[in-house]
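Below is one structure, written out as C-alpha cells, with a few remarks after it.
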Amino acid sequence: MPEITASPNKSQAASTRRAREHAGRPFHGLIDAVLVPGPTTFDFDGAISEAHAQAVWTWLSRDIAPDLMRLDLPPDDPAAREALDRAMPEILQRARDAVTAGTANAEAERRLIVQVGGEAAYGRMAVVRNALKCRNLLEKAQSFGRAANSIGDEAGLAMALQSMPLNDHAVTAVLMQGAVGQVNNPTKLMQAVIRISGAATEQAISRAGFGPLVDAIFSHAQAQIPALQQHGAFADIDMVCRAIDRFHRLMRAVMGFVELNRLSRWSSIAAGLTTTVSELVEPKLKDVGPSINLALRRHAGTDRVDPDQLLAALNGCYVLATVRDCRDSLALNAVFDQTWQQVGQALEIHVQRNLELFRSNPSDRVTGQRLDAAIKMTELRFNGEYADVLKRARDSAERRVS
C-alpha cells in the first residue's frame with residue numbers, strides 16, 4: 001500500500017489555518033489586563049485597543065518572528081503562552097530593529113504602516129511594545145488591585161500606592177490600567193491618592209505621579225460602552241446594568257473628589273464619556289413605559305401573555321432601577337424624572353386592574369401571570385414592602401378558591 005502523505009498545497013493550507021488560529025488571541029493573553037474594547041474616544045499609554053493589539057500581533061507573528069511562534073499549539077494551550085513569553089525578548093528586539101529600519105525614509109515607513117495594519121495601529125505600536133516589556137508586572141498589578149479591596153484604612157492604601165514605580169510614566173500607566181480593573185471601589189483609591197498628593201486638584205495629583213491612575217479610571221469607564229450598545233430581545237440586560245453601575249463607580253471616583261479645571265483634558269474626557277453613555281442609556285429609559293403598557297394590558301379576543309413583551313418590560317424596570325442609583329454620573333435627570341413618574345403611574349393602574357380581575361377569577365392563569373410580572377416590576381420601581389402587600393393580596397384571592 002503506498003504511503004499516504006499530505007500534498008504541498010494541503011500542508012500549506014493547514015499551516016495557514018494554524019497561523020490564523022494562532023493569531024486569534026493577541027499574545028496568548030500575556031497583556032489581556034490592559035486590553036480594552038474599541039473603538040476608543042481617547043487613548044493613553046496604559047490601555048490598548050483590542051483591534052490595535054490584534055494588528056500588531058498579526059504583524060509580529062506573520063512578518064517579524066514566525067520562526068519563534070509555536071504554530072503547532074492551540075492559542076489557549078499554556079505551553080504556547082510559555083513559549084511566547086520565553087521568545088518575547090528576541091521578538092521585541094526584532095520589532096525594534098524593524099521599526100528603526102522602517103523609519104529610515106518615507107517610503108520604508110509607508111510600507112511598514114501598511115504591514116502593521118494602518119496609521120492607527122502603527123501609532124500604538126510603542127504602547128504595545130511597552131506593555132509586552134511589562135508583561136511580568138501585570139499579574140502583580142492585578143494582585144495589587146485585588147488586595148486594595150481588602151485594605152480598610154486610607155493610610156494603608158496610600159502606603160501601598162506609594163510603592164508603585166511612579167517615576168516611570170509608561171510603566172505606571174500600564175500598571176494602573178491592570179490594577180484598576182480589579183478594584184471594586186475606585187473611590188478608595190482616589191481618596192488615598194488625594195491624601196498622598198496633599199490636595200484634590202489636577203495639578204497636585206499629576207505632580208505626585210498619579211495622573212495615569214485617573215486616566216486608567218477613565219479608560220475602564222470607557223470600556224463599559226460596548227455593553228450598552230446592545231439592543232433588541234437578545235440584549236444581556238444583566239450586562240447592561242453591570243456596565244451602568246461600573247461606569248458610575250468609576251466616574252464618581254474622579255468627578256466626586258477631584259477638582260477638575262473646566263477646560264482641562266480630564267474635564268473634556270469626562271464630559272465626552274458622560275455624553276456618550278447617557279445617549280446610549282436614554283433610549284432604553286424611554287422604552288420602559290411603552291413596554292410596560294404592552295406587556296400588562298389585556299388582549300382583545302383570546303387573552304394571552306406575550307413572554308417577549310413581559311421580558312422587555314421587566315428588563316426596562318431593571319435598567320430604570322439601576323439608573324436611579326447611578327444618575328449622578330449621567331446626564332439624564334429630565335428623562336429619568338419623567339420616565340420614573342410615568343412608570344410609577346402605569347404600574348399602579350395595571351396592578352390595580354389585574355388584581356381586581358384576579359380577585360374576580362383567581363383561576364385565570366393569564367391574569368395571574370400578568371399580575372405576578374406586575375408585582376415584580378412594582379418591587380423594582382417602588383420597594384419590596386409594597387410588593388409584599390400586593391403578594392399577600394394575590395395569595396388571599398387565590399386561597400378563597402382553594
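How things are named: the first chain in the C-alpha cells is A, the next is B, and so on; residues count from 1 in each chain; ligands count from 1 in the order shown.
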Exercise: Leu30 in chain A partners within 9 Å, only C-alpha atoms, chain neighbours under 3 positions left out, as a ChimeraX atom specification: /A:26-27,33,81,84-85,132,135-136,138
For Thr276 in chain A, find every residue with an atom within 9 Å (counting only C-alpha atoms), except residues of its own chain fewer than 5 positions away, and show them as a PyMOL selection string. chain A and resi 225+271+281
Write out as a PyMOL selection string the set of residues from range 228-397 of chain A that DSSP, computed on the backbone, places in alpha helix (DSSP H). chain A and resi 228+237-255+265-286+288-296+307-326+333-360+365-381+384-397
I want to know what sits within 10 Å of Gln341 in chain A, based on only C-alpha atoms, with residues of the same chain fewer than 5 positions away left out; could you give that as JSON, numbers by chain? {"A": [289, 336, 346, 381]}
Range 26-93 of chain A: residues DSSP assigns to strand (DSSP E), reported as number ranges by chain: A: 35-36, 48-49
Would you output that residue set with C-alpha atoms, as a PDB file, in the first residue's frame?
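Final output, saved to result-v6.pdb:
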ATOM      1  CA  LEU A  35      -6.636  45.381  26.519  1.00  0.00           C
ATOM      2  CA  VAL A  36      -9.838  47.380  26.098  1.00  0.00           C
ATOM      3  CA  ILE A  48      -4.520  49.142  24.210  1.00  0.00           C
ATOM      4  CA  SER A  49      -7.482  48.659  21.912  1.00  0.00           C
TER       5      SER A  49
END
Which residues come within 12 Å of Ala101 in chain A, counting only C-alpha atoms, excluding same-chain residues fewer than 6 positions away, as a list in words? Arg94, Ala95, Glu107, Ala108, Glu109, Arg110, Arg111 and Leu112 of chain A
Include C-alpha atoms and write out the residues we just selected as an mmCIF file, in the first residue's frame.
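Output below, filename selection-v2.cif:
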data_model
loop_
_atom_site.group_PDB
_atom_site.id
_atom_site.type_symbol
_atom_site.label_atom_id
_atom_site.label_comp_id
_atom_site.auth_asym_id
_atom_site.auth_seq_id
_atom_site.Cartn_x
_atom_site.Cartn_y
_atom_site.Cartn_z
ATOM 1 C CA ARG A 94 13.363 42.255 16.051
ATOM 2 C CA ALA A 95 10.360 44.584 16.230
ATOM 3 C CA GLU A 107 8.748 55.003 1.557
ATOM 4 C CA ALA A 108 10.027 52.437 4.049
ATOM 5 C CA GLU A 109 7.779 53.857 6.741
ATOM 6 C CA ARG A 110 4.798 53.790 4.397
ATOM 7 C CA ARG A 111 5.368 50.086 3.734
ATOM 8 C CA LEU A 112 5.737 49.412 7.447
#
Closest of A:Asp337, A:Asp308, A:Glu279, A:Asp168 to Gly211 in chain A - atom-to-atom distances counting only C-alpha atoms: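 Smallest separation from Gly211 in chain A among the options: A:Asp168.
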From the list A:Leu390, A:Ala243, A:Ile217, A:Val343, the nearest residue to Asp287 in chain A using only C-alpha atoms is A:Val343
Under the rule of at most 12 Å, produce a per-residue listing of range 115-211 of chain A near range 88-93 of chain A: chain, number, name, the closest pair of atoms, and the distance in Å, as JSON lines, using only C-alpha atoms.
{"residue": "A:Met125", "atom": "CA", "partner": "A:Leu92", "partner_atom": "CA", "distance": 11.1}
{"residue": "A:Ala126", "atom": "CA", "partner": "A:Leu92", "partner_atom": "CA", "distance": 10.6}
{"residue": "A:Val128", "atom": "CA", "partner": "A:Leu92", "partner_atom": "CA", "distance": 10.2}
{"residue": "A:Arg129", "atom": "CA", "partner": "A:Leu92", "partner_atom": "CA", "distance": 7.0}
{"residue": "A:Asn130", "atom": "CA", "partner": "A:Leu92", "partner_atom": "CA", "distance": 9.6}
{"residue": "A:Ala131", "atom": "CA", "partner": "A:Leu92", "partner_atom": "CA", "distance": 11.0}
{"residue": "A:Leu132", "atom": "CA", "partner": "A:Met88", "partner_atom": "CA", "distance": 7.8}
{"residue": "A:Lys133", "atom": "CA", "partner": "A:Pro89", "partner_atom": "CA", "distance": 8.1}
{"residue": "A:Cys134", "atom": "CA", "partner": "A:Met88", "partner_atom": "CA", "distance": 11.2}
{"residue": "A:Arg135", "atom": "CA", "partner": "A:Met88", "partner_atom": "CA", "distance": 9.9}
{"residue": "A:Asn136", "atom": "CA", "partner": "A:Met88", "partner_atom": "CA", "distance": 11.3}
Identify, on the basis of only C-alpha atoms, every residue whose closest approach to Phe382 in chain A does not exceed 12 Å; exclude the query and any residue fewer than 6 positions from it along the same chain; express the result as a PyMOL selection string. chain A and resi 317-318+320-321+324+340-341+343-345+347-348+374-376+388-390
Neighbouring residues of Gly118 in chain A were defined as those with any atom within 12 Å, considering only C-alpha atoms; residues of the same chain fewer than 3 positions away were excluded. Please report them as a ChimeraX atom specification. /A:51-52,55-56,59,109-115,121-125
Could you save those same residues with N, CA and C atoms as a short mmCIF file (atom, residue, chain, number, x, y, z; two decimals), in the first residue's frame?
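Saved to selection_24.cif:
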data_model
loop_
_atom_site.label_atom_id
_atom_site.label_comp_id
_atom_site.auth_asym_id
_atom_site.auth_seq_id
_atom_site.Cartn_x
_atom_site.Cartn_y
_atom_site.Cartn_z
N ALA A 51 -8.36 45.82 18.87
CA ALA A 51 -8.09 45.82 17.43
C ALA A 51 -6.64 46.18 17.14
N HIS A 52 -6.09 47.14 17.87
CA HIS A 52 -4.68 47.52 17.67
C HIS A 52 -3.75 46.41 18.12
N ALA A 55 -3.74 43.78 15.46
CA ALA A 55 -2.97 44.17 14.28
C ALA A 55 -1.48 44.00 14.51
N VAL A 56 -0.99 44.44 15.67
CA VAL A 56 0.45 44.32 15.96
C VAL A 56 0.83 42.85 16.12
N TRP A 59 1.15 41.24 12.76
CA TRP A 59 2.39 41.68 12.12
C TRP A 59 3.59 40.93 12.71
N GLU A 109 8.77 53.70 5.67
CA GLU A 109 7.78 53.86 6.74
C GLU A 109 6.37 53.60 6.22
N ARG A 110 6.11 54.03 4.99
CA ARG A 110 4.80 53.79 4.40
C ARG A 110 4.53 52.29 4.29
N ARG A 111 5.53 51.54 3.85
CA ARG A 111 5.37 50.09 3.73
C ARG A 111 5.16 49.45 5.10
N LEU A 112 5.88 49.95 6.10
CA LEU A 112 5.74 49.41 7.45
C LEU A 112 4.34 49.68 8.00
N ILE A 113 3.84 50.86 7.76
CA ILE A 113 2.49 51.21 8.23
C ILE A 113 1.46 50.27 7.61
N VAL A 114 1.61 49.98 6.33
CA VAL A 114 0.69 49.06 5.65
C VAL A 114 0.80 47.66 6.25
N GLN A 115 2.03 47.22 6.52
CA GLN A 115 2.23 45.88 7.09
C GLN A 115 1.58 45.76 8.47
N ALA A 121 -3.00 51.63 14.16
CA ALA A 121 -2.27 50.54 14.82
C ALA A 121 -0.78 50.87 14.92
N TYR A 122 -0.23 51.46 13.87
CA TYR A 122 1.18 51.83 13.87
C TYR A 122 1.46 52.85 14.97
N GLY A 123 0.55 53.79 15.15
CA GLY A 123 0.72 54.81 16.17
C GLY A 123 0.69 54.26 17.59
N ARG A 124 0.10 53.08 17.78
CA ARG A 124 0.02 52.48 19.12
C ARG A 124 1.05 51.38 19.32
N MET A 125 1.95 51.20 18.35
CA MET A 125 2.90 50.10 18.46
C MET A 125 3.82 50.26 19.67
#
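All residues of protein, DNA or RNA that reach within 10 Å of Val193 in chain A, judged by only C-alpha atoms and not counting those fewer than 3 positions away in the chain, are Glu154, Leu157, Ala158, Met159, Leu161, Gln162, Thr187, Lys188, Leu189, Met190, Ile196, Ser197, Gly198, Ala199, Ala200, Ala204, Ile205, Ala208, Gly209, Phe210, Gly211, Leu213 and Val214 of chain A.
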With distances taken over only C-alpha atoms, which residue among A:Asn149, A:Thr322, A:Ser219, A:Asn315 lies nearest Ala47 in chain A?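 Of A:Asn149, A:Thr322, A:Ser219, A:Asn315, the one nearest Ala47 in chain A, counting only C-alpha atoms, is A:Ser219.
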Kindly indicate which residue among A:His248, A:Arg353, A:Arg297, A:Arg265 lies nearest to Glu202 in chain A, using only C-alpha atoms for the distances.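 Closest residue, counting only C-alpha atoms: A:Arg265.
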Computed interatomic separation between CA of Asn261 in chain A and CA of Asn167 in chain A (Å):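 Spanning CA of Asn261 in chain A to CA of Asn167 in chain A is a straight-line distance of 24.2 Å.
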Point-to-point distance in Å for CA of Asp325 in chain A and CA of Ile244 in chain A: 9.6 Å
Grab the CA of Gln309 in chain A to CA of Ile292 in chain A distance for me, in Å with one decimal place.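 Computing the Euclidean distance for CA of Gln309 in chain A and CA of Ile292 in chain A yields 7.9 Å.
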Smallest atom-to-atom distance to Asp67 in chain A: which of A:Ala87, A:Val171, A:Asp395, A:Val323, using only C-alpha atoms?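 Residue with the minimum atom-to-atom distance to Asp67 in chain A: A:Ala87.
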